[in-house]
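structure36.cif (mmCIF, N, CA and C atoms, pLDDT in the B column; chains and numbers go by the auth columns)
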```cif
data_protein
loop_
_atom_site.group_PDB
_atom_site.id
_atom_site.type_symbol
_atom_site.label_atom_id
_atom_site.label_comp_id
_atom_site.label_asym_id
_atom_site.label_seq_id
_atom_site.Cartn_x
_atom_site.Cartn_y
_atom_site.Cartn_z
_atom_site.B_iso_or_equiv
_atom_site.auth_seq_id
_atom_site.auth_asym_id
ATOM 1 N N MET A 1 -25.955 -151.690 287.368 80.00 1 X
ATOM 2 C CA MET A 1 -24.660 -151.586 286.743 80.00 1 X
ATOM 3 C C MET A 1 -24.456 -150.163 286.214 80.00 1 X
ATOM 4 N N ARG A 2 -25.502 -149.603 285.662 83.00 2 X
ATOM 5 C CA ARG A 2 -25.410 -148.233 285.146 83.00 2 X
ATOM 6 C C ARG A 2 -24.996 -147.262 286.249 83.00 2 X
ATOM 7 N N ASN A 3 -25.539 -147.449 287.452 88.00 3 X
ATOM 8 C CA ASN A 3 -25.214 -146.555 288.569 88.00 3 X
ATOM 9 C C ASN A 3 -23.743 -146.634 288.948 88.00 3 X
ATOM 10 N N VAL A 4 -23.174 -147.820 288.910 91.00 4 X
ATOM 11 C CA VAL A 4 -21.764 -147.982 289.276 91.00 4 X
ATOM 12 C C VAL A 4 -20.888 -147.186 288.322 91.00 4 X
ATOM 13 N N PHE A 5 -21.059 -147.396 287.020 93.00 5 X
ATOM 14 C CA PHE A 5 -20.177 -146.783 286.043 93.00 5 X
ATOM 15 C C PHE A 5 -20.526 -145.331 285.746 93.00 5 X
ATOM 16 N N ALA A 6 -21.688 -144.858 286.182 93.00 6 X
ATOM 17 C CA ALA A 6 -22.059 -143.457 286.020 93.00 6 X
ATOM 18 C C ALA A 6 -21.719 -142.629 287.256 93.00 6 X
ATOM 19 N N SER A 7 -21.204 -143.281 288.291 94.00 7 X
ATOM 20 C CA SER A 7 -20.853 -142.553 289.513 94.00 7 X
ATOM 21 C C SER A 7 -19.692 -141.599 289.251 94.00 7 X
ATOM 22 N N LYS A 8 -19.599 -140.549 290.041 95.00 8 X
ATOM 23 C CA LYS A 8 -18.527 -139.568 289.886 95.00 8 X
ATOM 24 C C LYS A 8 -17.164 -140.228 290.048 95.00 8 X
ATOM 25 N N THR A 9 -17.050 -141.139 290.994 95.00 9 X
ATOM 26 C CA THR A 9 -15.784 -141.834 291.225 95.00 9 X
ATOM 27 C C THR A 9 -15.343 -142.593 289.975 95.00 9 X
ATOM 28 N N ALA A 10 -16.251 -143.351 289.394 95.00 10 X
ATOM 29 C CA ALA A 10 -15.918 -144.120 288.189 95.00 10 X
ATOM 30 C C ALA A 10 -15.608 -143.192 287.021 95.00 10 X
ATOM 31 N N MET A 11 -16.391 -142.144 286.869 94.00 11 X
ATOM 32 C CA MET A 11 -16.188 -141.210 285.758 94.00 11 X
ATOM 33 C C MET A 11 -14.851 -140.477 285.872 94.00 11 X
ATOM 34 N N ASP A 12 -14.388 -140.286 287.112 96.00 12 X
ATOM 35 C CA ASP A 12 -13.105 -139.617 287.349 96.00 12 X
ATOM 36 C C ASP A 12 -11.919 -140.587 287.300 96.00 12 X
ATOM 37 N N GLY A 13 -12.195 -141.870 286.997 96.00 13 X
ATOM 38 C CA GLY A 13 -11.113 -142.851 286.900 96.00 13 X
ATOM 39 C C GLY A 13 -10.686 -143.420 288.231 96.00 13 X
ATOM 40 N N GLY A 14 -11.570 -143.368 289.209 97.00 14 X
ATOM 41 C CA GLY A 14 -11.261 -143.849 290.542 97.00 14 X
ATOM 42 C C GLY A 14 -11.513 -145.334 290.728 97.00 14 X
ATOM 43 N N VAL A 15 -11.707 -145.708 291.968 97.00 15 X
ATOM 44 C CA VAL A 15 -11.906 -147.101 292.354 97.00 15 X
ATOM 45 C C VAL A 15 -13.264 -147.232 293.039 97.00 15 X
ATOM 46 N N VAL A 16 -14.051 -148.203 292.603 97.00 16 X
ATOM 47 C CA VAL A 16 -15.335 -148.472 293.244 97.00 16 X
ATOM 48 C C VAL A 16 -15.352 -149.921 293.714 97.00 16 X
ATOM 49 N N ARG A 17 -16.164 -150.184 294.712 96.00 17 X
ATOM 50 C CA ARG A 17 -16.288 -151.568 295.177 96.00 17 X
ATOM 51 C C ARG A 17 -17.743 -151.896 295.420 96.00 17 X
ATOM 52 N N ARG A 18 -18.046 -153.155 295.216 96.00 18 X
ATOM 53 C CA ARG A 18 -19.400 -153.660 295.432 96.00 18 X
ATOM 54 C C ARG A 18 -19.310 -155.048 296.033 96.00 18 X
ATOM 55 N N LYS A 19 -20.308 -155.404 296.833 97.00 19 X
ATOM 56 C CA LYS A 19 -20.350 -156.754 297.390 97.00 19 X
ATOM 57 C C LYS A 19 -20.543 -157.763 296.264 97.00 19 X
ATOM 58 N N SER A 20 -19.751 -158.816 296.287 97.00 20 X
ATOM 59 C CA SER A 20 -19.841 -159.864 295.267 97.00 20 X
ATOM 60 C C SER A 20 -21.244 -160.438 295.190 97.00 20 X
ATOM 61 N N SER A 21 -21.863 -160.641 296.344 97.00 21 X
ATOM 62 C CA SER A 21 -23.209 -161.224 296.363 97.00 21 X
ATOM 63 C C SER A 21 -24.227 -160.284 295.731 97.00 21 X
ATOM 64 N N ASP A 22 -24.078 -158.969 295.920 96.00 22 X
ATOM 65 C CA ASP A 22 -24.988 -158.000 295.298 96.00 22 X
ATOM 66 C C ASP A 22 -24.825 -157.993 293.785 96.00 22 X
ATOM 67 N N VAL A 23 -23.588 -158.039 293.329 96.00 23 X
ATOM 68 C CA VAL A 23 -23.331 -158.068 291.880 96.00 23 X
ATOM 69 C C VAL A 23 -24.006 -159.291 291.269 96.00 23 X
ATOM 70 N N ALA A 24 -23.791 -160.446 291.892 97.00 24 X
ATOM 71 C CA ALA A 24 -24.374 -161.692 291.368 97.00 24 X
ATOM 72 C C ALA A 24 -25.905 -161.628 291.365 97.00 24 X
ATOM 73 N N ARG A 25 -26.482 -161.078 292.410 96.00 25 X
ATOM 74 C CA ARG A 25 -27.938 -161.026 292.551 96.00 25 X
ATOM 75 C C ARG A 25 -28.582 -160.001 291.626 96.00 25 X
ATOM 76 N N ILE A 26 -27.957 -158.850 291.473 95.00 26 X
ATOM 77 C CA ILE A 26 -28.586 -157.754 290.743 95.00 26 X
ATOM 78 C C ILE A 26 -28.361 -157.838 289.234 95.00 26 X
ATOM 79 N N VAL A 27 -27.117 -158.038 288.807 96.00 27 X
ATOM 80 C CA VAL A 27 -26.846 -158.032 287.357 96.00 27 X
ATOM 81 C C VAL A 27 -26.215 -159.314 286.839 96.00 27 X
ATOM 82 N N GLY A 28 -25.683 -160.127 287.731 96.00 28 X
ATOM 83 C CA GLY A 28 -24.986 -161.340 287.318 96.00 28 X
ATOM 84 C C GLY A 28 -23.493 -161.080 287.211 96.00 28 X
ATOM 85 N N ARG A 29 -22.732 -161.970 287.786 96.00 29 X
ATOM 86 C CA ARG A 29 -21.281 -161.817 287.853 96.00 29 X
ATOM 87 C C ARG A 29 -20.643 -161.717 286.453 96.00 29 X
ATOM 88 N N GLU A 30 -20.984 -162.625 285.562 97.00 30 X
ATOM 89 C CA GLU A 30 -20.368 -162.632 284.234 97.00 30 X
ATOM 90 C C GLU A 30 -20.707 -161.369 283.445 97.00 30 X
ATOM 91 N N ARG A 31 -21.934 -160.932 283.530 96.00 31 X
ATOM 92 C CA ARG A 31 -22.336 -159.698 282.822 96.00 31 X
ATOM 93 C C ARG A 31 -21.547 -158.500 283.349 96.00 31 X
ATOM 94 N N PHE A 32 -21.392 -158.420 284.663 97.00 32 X
ATOM 95 C CA PHE A 32 -20.637 -157.336 285.293 97.00 32 X
ATOM 96 C C PHE A 32 -19.180 -157.372 284.855 97.00 32 X
ATOM 97 N N LEU A 33 -18.571 -158.558 284.884 97.00 33 X
ATOM 98 C CA LEU A 33 -17.174 -158.691 284.492 97.00 33 X
ATOM 99 C C LEU A 33 -16.982 -158.407 283.001 97.00 33 X
ATOM 100 N N ASP A 34 -17.938 -158.806 282.185 97.00 34 X
ATOM 101 C CA ASP A 34 -17.871 -158.495 280.755 97.00 34 X
ATOM 102 C C ASP A 34 -17.876 -156.984 280.525 97.00 34 X
ATOM 103 N N GLU A 35 -18.686 -156.265 281.284 96.00 35 X
ATOM 104 C CA GLU A 35 -18.761 -154.811 281.141 96.00 35 X
ATOM 105 C C GLU A 35 -17.452 -154.152 281.594 96.00 35 X
ATOM 106 N N ILE A 36 -16.867 -154.675 282.656 97.00 36 X
ATOM 107 C CA ILE A 36 -15.576 -154.153 283.118 97.00 36 X
ATOM 108 C C ILE A 36 -14.529 -154.334 282.023 97.00 36 X
ATOM 109 N N GLU A 37 -14.492 -155.507 281.439 96.00 37 X
ATOM 110 C CA GLU A 37 -13.526 -155.790 280.373 96.00 37 X
ATOM 111 C C GLU A 37 -13.789 -154.921 279.137 96.00 37 X
ATOM 112 N N ARG A 38 -15.045 -154.747 278.787 96.00 38 X
ATOM 113 C CA ARG A 38 -15.403 -153.921 277.627 96.00 38 X
ATOM 114 C C ARG A 38 -14.888 -152.493 277.786 96.00 38 X
ATOM 115 N N ARG A 39 -14.923 -151.998 279.002 96.00 39 X
ATOM 116 C CA ARG A 39 -14.474 -150.636 279.281 96.00 39 X
ATOM 117 C C ARG A 39 -12.955 -150.530 279.439 96.00 39 X
ATOM 118 N N GLY A 40 -12.267 -151.663 279.465 96.00 40 X
ATOM 119 C CA GLY A 40 -10.817 -151.650 279.631 96.00 40 X
ATOM 120 C C GLY A 40 -10.384 -151.502 281.075 96.00 40 X
ATOM 121 N N PHE A 41 -11.320 -151.697 282.013 97.00 41 X
ATOM 122 C CA PHE A 41 -11.014 -151.604 283.433 97.00 41 X
ATOM 123 C C PHE A 41 -10.524 -152.957 283.946 97.00 41 X
ATOM 124 N N ARG A 42 -10.068 -152.981 285.197 97.00 42 X
ATOM 125 C CA ARG A 42 -9.665 -154.227 285.850 97.00 42 X
ATOM 126 C C ARG A 42 -10.422 -154.378 287.148 97.00 42 X
ATOM 127 N N ALA A 43 -10.532 -155.617 287.600 97.00 43 X
ATOM 128 C CA ALA A 43 -11.256 -155.891 288.839 97.00 43 X
ATOM 129 C C ALA A 43 -10.470 -156.887 289.675 97.00 43 X
ATOM 130 N N LEU A 44 -10.595 -156.719 290.972 96.00 44 X
ATOM 131 C CA LEU A 44 -10.014 -157.621 291.955 96.00 44 X
ATOM 132 C C LEU A 44 -11.139 -158.090 292.859 96.00 44 X
ATOM 133 N N GLU A 45 -10.955 -159.241 293.468 97.00 45 X
ATOM 134 C CA GLU A 45 -11.948 -159.711 294.434 97.00 45 X
ATOM 135 C C GLU A 45 -11.233 -160.110 295.710 97.00 45 X
ATOM 136 N N ASN A 46 -11.768 -159.649 296.838 97.00 46 X
ATOM 137 C CA ASN A 46 -11.201 -159.981 298.131 97.00 46 X
ATOM 138 C C ASN A 46 -12.285 -159.875 299.184 97.00 46 X
ATOM 139 N N SER A 47 -12.372 -160.882 300.020 97.00 47 X
ATOM 140 C CA SER A 47 -13.253 -160.863 301.185 97.00 47 X
ATOM 141 C C SER A 47 -14.696 -160.477 300.838 97.00 47 X
ATOM 142 N N GLY A 48 -15.200 -161.042 299.735 97.00 48 X
ATOM 143 C CA GLY A 48 -16.588 -160.810 299.373 97.00 48 X
ATOM 144 C C GLY A 48 -16.854 -159.475 298.703 97.00 48 X
ATOM 145 N N GLN A 49 -15.800 -158.768 298.295 98.00 49 X
ATOM 146 C CA GLN A 49 -15.941 -157.480 297.628 98.00 49 X
ATOM 147 C C GLN A 49 -15.281 -157.546 296.256 98.00 49 X
ATOM 148 N N ILE A 50 -15.890 -156.906 295.269 98.00 50 X
ATOM 149 C CA ILE A 50 -15.267 -156.733 293.960 98.00 50 X
ATOM 150 C C ILE A 50 -14.813 -155.283 293.894 98.00 50 X
ATOM 151 N N ILE A 51 -13.529 -155.107 293.665 97.00 51 X
ATOM 152 C CA ILE A 51 -12.923 -153.786 293.574 97.00 51 X
ATOM 153 C C ILE A 51 -12.658 -153.521 292.103 97.00 51 X
ATOM 154 N N VAL A 52 -13.211 -152.449 291.583 97.00 52 X
ATOM 155 C CA VAL A 52 -13.066 -152.115 290.166 97.00 52 X
ATOM 156 C C VAL A 52 -12.189 -150.878 290.039 97.00 52 X
ATOM 157 N N ILE A 53 -11.087 -151.018 289.298 97.00 53 X
ATOM 158 C CA ILE A 53 -10.220 -149.894 289.006 97.00 53 X
ATOM 159 C C ILE A 53 -10.716 -149.308 287.686 97.00 53 X
ATOM 160 N N CYS A 54 -11.291 -148.119 287.762 97.00 54 X
ATOM 161 C CA CYS A 54 -11.986 -147.525 286.619 97.00 54 X
ATOM 162 C C CYS A 54 -11.061 -146.668 285.763 97.00 54 X
ATOM 163 N N ASN A 55 -9.911 -147.217 285.432 97.00 55 X
ATOM 164 C CA ASN A 55 -8.988 -146.573 284.512 97.00 55 X
ATOM 165 C C ASN A 55 -8.081 -147.650 283.937 97.00 55 X
ATOM 166 N N THR A 56 -7.225 -147.274 283.019 95.00 56 X
ATOM 167 C CA THR A 56 -6.353 -148.254 282.375 95.00 56 X
ATOM 168 C C THR A 56 -4.893 -148.091 282.787 95.00 56 X
ATOM 169 N N ASP A 57 -4.662 -147.326 283.856 96.00 57 X
ATOM 170 C CA ASP A 57 -3.293 -147.148 284.347 96.00 57 X
ATOM 171 C C ASP A 57 -2.741 -148.479 284.860 96.00 57 X
ATOM 172 N N PRO A 58 -1.412 -148.640 284.846 94.00 58 X
ATOM 173 C CA PRO A 58 -0.809 -149.881 285.361 94.00 58 X
ATOM 174 C C PRO A 58 -1.133 -150.089 286.836 94.00 58 X
ATOM 175 N N ILE A 59 -1.239 -151.351 287.217 94.00 59 X
ATOM 176 C CA ILE A 59 -1.456 -151.716 288.614 94.00 59 X
ATOM 177 C C ILE A 59 -0.176 -152.339 289.139 94.00 59 X
ATOM 178 N N ARG A 60 0.251 -151.892 290.307 95.00 60 X
ATOM 179 C CA ARG A 60 1.463 -152.420 290.909 95.00 60 X
ATOM 180 C C ARG A 60 1.134 -152.914 292.310 95.00 60 X
ATOM 181 N N MET A 61 1.390 -154.202 292.546 91.00 61 X
ATOM 182 C CA MET A 61 1.192 -154.764 293.879 91.00 61 X
ATOM 183 C C MET A 61 2.346 -154.312 294.762 91.00 61 X
ATOM 184 N N LEU A 62 2.030 -153.810 295.950 96.00 62 X
ATOM 185 C CA LEU A 62 3.080 -153.268 296.809 96.00 62 X
ATOM 186 C C LEU A 62 3.688 -154.295 297.755 96.00 62 X
ATOM 187 N N ARG A 63 2.888 -155.168 298.310 92.00 63 X
ATOM 188 C CA ARG A 63 3.406 -156.242 299.178 92.00 63 X
ATOM 189 C C ARG A 63 2.446 -157.366 299.239 92.00 63 X
#
```
Please lay out the structure from this file as structure tokens.
Amino acid sequence: MRNVFASKTAMDGGVVRRKSSDVARIVGRERFLDEIERRGFRALENSGQIIVICNTDPIRMLR
């Protein structure tokens, strides 16, 4: 988990993604989601991937 949030992409407020199964196996899904919430970030899940938006800017669905 430390590696995800210490990455340059995350530190710059970008978007990172990880396989849902890896998150569950390595750190646990709830622990990971709790950390995302603690940081004020948001997460989406699609097709076995967790996408983390590493900033607090508004999210707008396009279609």
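Of the residues under consideration (X:Arg2, X:Gly48, X:Arg63, X:Thr56), X:Gly48 shows the shortest atom-to-atom contact distance to Arg18 of chain X when counting only C-alpha atoms.
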- Message: Between X:Arg39, X:Ile51, X:Leu62, X:Asn3, which residue has the minimum interatomic distance to Ser20 of chain X, considering only N, CA and C atoms?
- Response: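 Comparing X:Arg39, X:Ile51, X:Leu62, X:Asn3 against Ser20 of chain X, the winner is X:Ile51.
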- Query: What do you get, as a ChimeraX atom specification, if you spell out every residue that the PyMOL selection byres ((chain X and resi 6-13) around 8) selects here?
  - Reply: /X:1-5,14-16,52-56
- Message: As an exercise, work out the distance from atom CA of Arg29 of chain X to atom CA of Met61 of chain X in Å and give it to one decimal place.
- Response: 24.3 Å
- Query: Which one is closest to Phe41 of chain X: X:Gly28, X:Arg17, X:Val23, X:Asp57? Count only N, CA and C atoms.
  - Reply: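 Once distances to Phe41 of chain X are computed over only N, CA and C atoms, the minimum belongs to X:Asp57.
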Those of chain X in DSSP helix (DSSP H, G or I), formatted as a short mmCIF file (atom, residue, chain, number, x, y, z; two decimals) with N, CA and C atoms, keeping the file's coordinate frame:
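Output file out_0.cif follows:
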```cif
data_model
loop_
_atom_site.label_atom_id
_atom_site.label_comp_id
_atom_site.auth_asym_id
_atom_site.auth_seq_id
_atom_site.Cartn_x
_atom_site.Cartn_y
_atom_site.Cartn_z
N ARG X 2 -25.50 -149.60 285.66
CA ARG X 2 -25.41 -148.23 285.15
C ARG X 2 -25.00 -147.26 286.25
N ASN X 3 -25.54 -147.45 287.45
CA ASN X 3 -25.21 -146.56 288.57
C ASN X 3 -23.74 -146.63 288.95
N VAL X 4 -23.17 -147.82 288.91
CA VAL X 4 -21.76 -147.98 289.28
C VAL X 4 -20.89 -147.19 288.32
N PHE X 5 -21.06 -147.40 287.02
CA PHE X 5 -20.18 -146.78 286.04
C PHE X 5 -20.53 -145.33 285.75
N ALA X 6 -21.69 -144.86 286.18
CA ALA X 6 -22.06 -143.46 286.02
C ALA X 6 -21.72 -142.63 287.26
N LYS X 8 -19.60 -140.55 290.04
CA LYS X 8 -18.53 -139.57 289.89
C LYS X 8 -17.16 -140.23 290.05
N THR X 9 -17.05 -141.14 290.99
CA THR X 9 -15.78 -141.83 291.23
C THR X 9 -15.34 -142.59 289.98
N ALA X 10 -16.25 -143.35 289.39
CA ALA X 10 -15.92 -144.12 288.19
C ALA X 10 -15.61 -143.19 287.02
N MET X 11 -16.39 -142.14 286.87
CA MET X 11 -16.19 -141.21 285.76
C MET X 11 -14.85 -140.48 285.87
N SER X 20 -19.75 -158.82 296.29
CA SER X 20 -19.84 -159.86 295.27
C SER X 20 -21.24 -160.44 295.19
N SER X 21 -21.86 -160.64 296.34
CA SER X 21 -23.21 -161.22 296.36
C SER X 21 -24.23 -160.28 295.73
N ASP X 22 -24.08 -158.97 295.92
CA ASP X 22 -24.99 -158.00 295.30
C ASP X 22 -24.82 -157.99 293.79
N VAL X 23 -23.59 -158.04 293.33
CA VAL X 23 -23.33 -158.07 291.88
C VAL X 23 -24.01 -159.29 291.27
N ALA X 24 -23.79 -160.45 291.89
CA ALA X 24 -24.37 -161.69 291.37
C ALA X 24 -25.90 -161.63 291.36
N ARG X 25 -26.48 -161.08 292.41
CA ARG X 25 -27.94 -161.03 292.55
C ARG X 25 -28.58 -160.00 291.63
N ILE X 26 -27.96 -158.85 291.47
CA ILE X 26 -28.59 -157.75 290.74
C ILE X 26 -28.36 -157.84 289.23
N ARG X 29 -22.73 -161.97 287.79
CA ARG X 29 -21.28 -161.82 287.85
C ARG X 29 -20.64 -161.72 286.45
N GLU X 30 -20.98 -162.62 285.56
CA GLU X 30 -20.37 -162.63 284.23
C GLU X 30 -20.71 -161.37 283.44
N ARG X 31 -21.93 -160.93 283.53
CA ARG X 31 -22.34 -159.70 282.82
C ARG X 31 -21.55 -158.50 283.35
N PHE X 32 -21.39 -158.42 284.66
CA PHE X 32 -20.64 -157.34 285.29
C PHE X 32 -19.18 -157.37 284.86
N LEU X 33 -18.57 -158.56 284.88
CA LEU X 33 -17.17 -158.69 284.49
C LEU X 33 -16.98 -158.41 283.00
N ASP X 34 -17.94 -158.81 282.18
CA ASP X 34 -17.87 -158.50 280.76
C ASP X 34 -17.88 -156.98 280.52
N GLU X 35 -18.69 -156.26 281.28
CA GLU X 35 -18.76 -154.81 281.14
C GLU X 35 -17.45 -154.15 281.59
N ILE X 36 -16.87 -154.68 282.66
CA ILE X 36 -15.58 -154.15 283.12
C ILE X 36 -14.53 -154.33 282.02
N GLU X 37 -14.49 -155.51 281.44
CA GLU X 37 -13.53 -155.79 280.37
C GLU X 37 -13.79 -154.92 279.14
N ARG X 38 -15.04 -154.75 278.79
CA ARG X 38 -15.40 -153.92 277.63
C ARG X 38 -14.89 -152.49 277.79
#
```
May I have all residues of chain X that DSSP, computed from the backbone, assigns to strand (DSSP E or B), given as an mmCIF file with N, CA and C atoms, keeping the file's coordinate frame?
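Writing done, so here's part20.cif:
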```
data_model
loop_
_atom_site.group_PDB
_atom_site.id
_atom_site.type_symbol
_atom_site.label_atom_id
_atom_site.label_comp_id
_atom_site.auth_asym_id
_atom_site.auth_seq_id
_atom_site.Cartn_x
_atom_site.Cartn_y
_atom_site.Cartn_z
ATOM 1 N N VAL X 15 -11.707 -145.708 291.968
ATOM 2 C CA VAL X 15 -11.906 -147.101 292.354
ATOM 3 C C VAL X 15 -13.264 -147.232 293.039
ATOM 4 N N VAL X 16 -14.051 -148.203 292.603
ATOM 5 C CA VAL X 16 -15.335 -148.472 293.244
ATOM 6 C C VAL X 16 -15.352 -149.921 293.714
ATOM 7 N N ARG X 17 -16.164 -150.184 294.712
ATOM 8 C CA ARG X 17 -16.288 -151.568 295.177
ATOM 9 C C ARG X 17 -17.743 -151.896 295.420
ATOM 10 N N ARG X 18 -18.046 -153.155 295.216
ATOM 11 C CA ARG X 18 -19.400 -153.660 295.432
ATOM 12 C C ARG X 18 -19.310 -155.048 296.033
ATOM 13 N N LYS X 19 -20.308 -155.404 296.833
ATOM 14 C CA LYS X 19 -20.350 -156.754 297.390
ATOM 15 C C LYS X 19 -20.543 -157.763 296.264
ATOM 16 N N ARG X 42 -10.068 -152.981 285.197
ATOM 17 C CA ARG X 42 -9.665 -154.227 285.850
ATOM 18 C C ARG X 42 -10.422 -154.378 287.148
ATOM 19 N N ALA X 43 -10.532 -155.617 287.600
ATOM 20 C CA ALA X 43 -11.256 -155.891 288.839
ATOM 21 C C ALA X 43 -10.470 -156.887 289.675
ATOM 22 N N LEU X 44 -10.595 -156.719 290.972
ATOM 23 C CA LEU X 44 -10.014 -157.621 291.955
ATOM 24 C C LEU X 44 -11.139 -158.090 292.859
ATOM 25 N N GLU X 45 -10.955 -159.241 293.468
ATOM 26 C CA GLU X 45 -11.948 -159.711 294.434
ATOM 27 C C GLU X 45 -11.233 -160.110 295.710
ATOM 28 N N ASN X 46 -11.768 -159.649 296.838
ATOM 29 C CA ASN X 46 -11.201 -159.981 298.131
ATOM 30 C C ASN X 46 -12.285 -159.875 299.184
ATOM 31 N N GLN X 49 -15.800 -158.768 298.295
ATOM 32 C CA GLN X 49 -15.941 -157.480 297.628
ATOM 33 C C GLN X 49 -15.281 -157.546 296.256
ATOM 34 N N ILE X 50 -15.890 -156.906 295.269
ATOM 35 C CA ILE X 50 -15.267 -156.733 293.960
ATOM 36 C C ILE X 50 -14.813 -155.283 293.894
ATOM 37 N N ILE X 51 -13.529 -155.107 293.665
ATOM 38 C CA ILE X 51 -12.923 -153.786 293.574
ATOM 39 C C ILE X 51 -12.658 -153.521 292.103
ATOM 40 N N VAL X 52 -13.211 -152.449 291.583
ATOM 41 C CA VAL X 52 -13.066 -152.115 290.166
ATOM 42 C C VAL X 52 -12.189 -150.878 290.039
ATOM 43 N N ILE X 53 -11.087 -151.018 289.298
ATOM 44 C CA ILE X 53 -10.220 -149.894 289.006
ATOM 45 C C ILE X 53 -10.716 -149.308 287.686
#
```
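Our summary of the geometry notes that atom N of Arg31 of chain X is positioned 16.2 Å from atom C of Glu45 of chain X.
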- Length of the atom CA of Val27 of chain X to atom CA of Pro58 of chain X vector [Å]: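 Separating atom CA of Val27 of chain X from atom CA of Pro58 of chain X is a distance of 27.4 Å.
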Coordinates of segment 2-60 of chain X, C-alpha atoms, as a tab-separated table (two decimals), in the first residue's frame:
```
chain	number	residue	atom	x	y	z
X	2	ARG	CA	2.87	2.34	0.80
X	3	ASN	CA	4.25	1.86	-2.73
X	4	VAL	CA	0.95	2.83	-4.35
X	5	PHE	CA	0.54	6.10	-2.47
X	6	ALA	CA	4.26	6.96	-2.59
X	7	SER	CA	4.40	6.62	-6.38
X	8	LYS	CA	5.10	9.73	-8.44
X	9	THR	CA	1.70	9.44	-10.10
X	10	ALA	CA	-0.15	9.40	-6.77
X	11	MET	CA	2.01	12.17	-5.32
X	12	ASP	CA	1.27	14.33	-8.37
X	13	GLY	CA	-2.49	13.82	-7.91
X	14	GLY	CA	-2.86	11.38	-10.77
X	15	VAL	CA	-4.71	8.12	-11.23
X	16	VAL	CA	-3.38	4.69	-10.27
X	17	ARG	CA	-4.91	1.28	-10.75
X	18	ARG	CA	-4.38	-2.09	-9.16
X	19	LYS	CA	-5.90	-5.52	-9.67
X	20	SER	CA	-8.71	-6.09	-7.18
X	21	SER	CA	-7.40	-9.57	-6.42
X	22	ASP	CA	-3.90	-8.21	-5.64
X	23	VAL	CA	-5.31	-5.58	-3.29
X	24	ALA	CA	-7.35	-8.21	-1.45
X	25	ARG	CA	-4.40	-10.62	-1.24
X	26	ILE	CA	-1.67	-8.16	-0.28
X	27	VAL	CA	-3.29	-5.62	2.07
X	28	GLY	CA	-6.99	-6.45	2.24
X	29	ARG	CA	-9.77	-4.66	0.42
X	30	GLU	CA	-11.25	-2.86	3.44
X	31	ARG	CA	-7.87	-1.63	4.68
X	32	PHE	CA	-7.06	-0.29	1.20
X	33	LEU	CA	-10.43	1.44	0.88
X	34	ASP	CA	-10.10	2.90	4.38
X	35	GLU	CA	-6.74	4.41	3.41
X	36	ILE	CA	-8.22	5.89	0.23
X	37	GLU	CA	-11.01	7.48	2.25
X	38	ARG	CA	-8.58	8.75	4.90
X	39	ARG	CA	-6.63	10.56	2.20
X	40	GLY	CA	-9.78	12.08	0.70
X	41	PHE	CA	-9.33	10.18	-2.56
X	42	ARG	CA	-11.99	8.27	-4.52
X	43	ALA	CA	-11.95	4.82	-6.05
X	44	LEU	CA	-13.82	3.06	-8.81
X	45	GLU	CA	-13.90	-0.62	-9.65
X	46	ASN	CA	-14.32	-2.07	-13.11
X	47	SER	CA	-13.38	-5.36	-14.73
X	48	GLY	CA	-11.26	-6.57	-11.82
X	49	GLN	CA	-9.35	-3.29	-11.45
X	50	ILE	CA	-9.52	-0.66	-8.70
X	51	ILE	CA	-8.91	2.80	-10.10
X	52	VAL	CA	-7.84	5.36	-7.50
X	53	ILE	CA	-8.16	9.07	-8.22
X	54	CYS	CA	-5.41	10.54	-6.06
X	55	ASN	CA	-6.85	14.02	-5.67
X	56	THR	CA	-10.02	15.67	-4.40
X	57	ASP	CA	-11.08	17.34	-7.65
X	58	PRO	CA	-14.68	16.75	-8.80
X	59	ILE	CA	-15.37	13.67	-10.90
X	60	ARG	CA	-17.66	13.99	-13.89
```
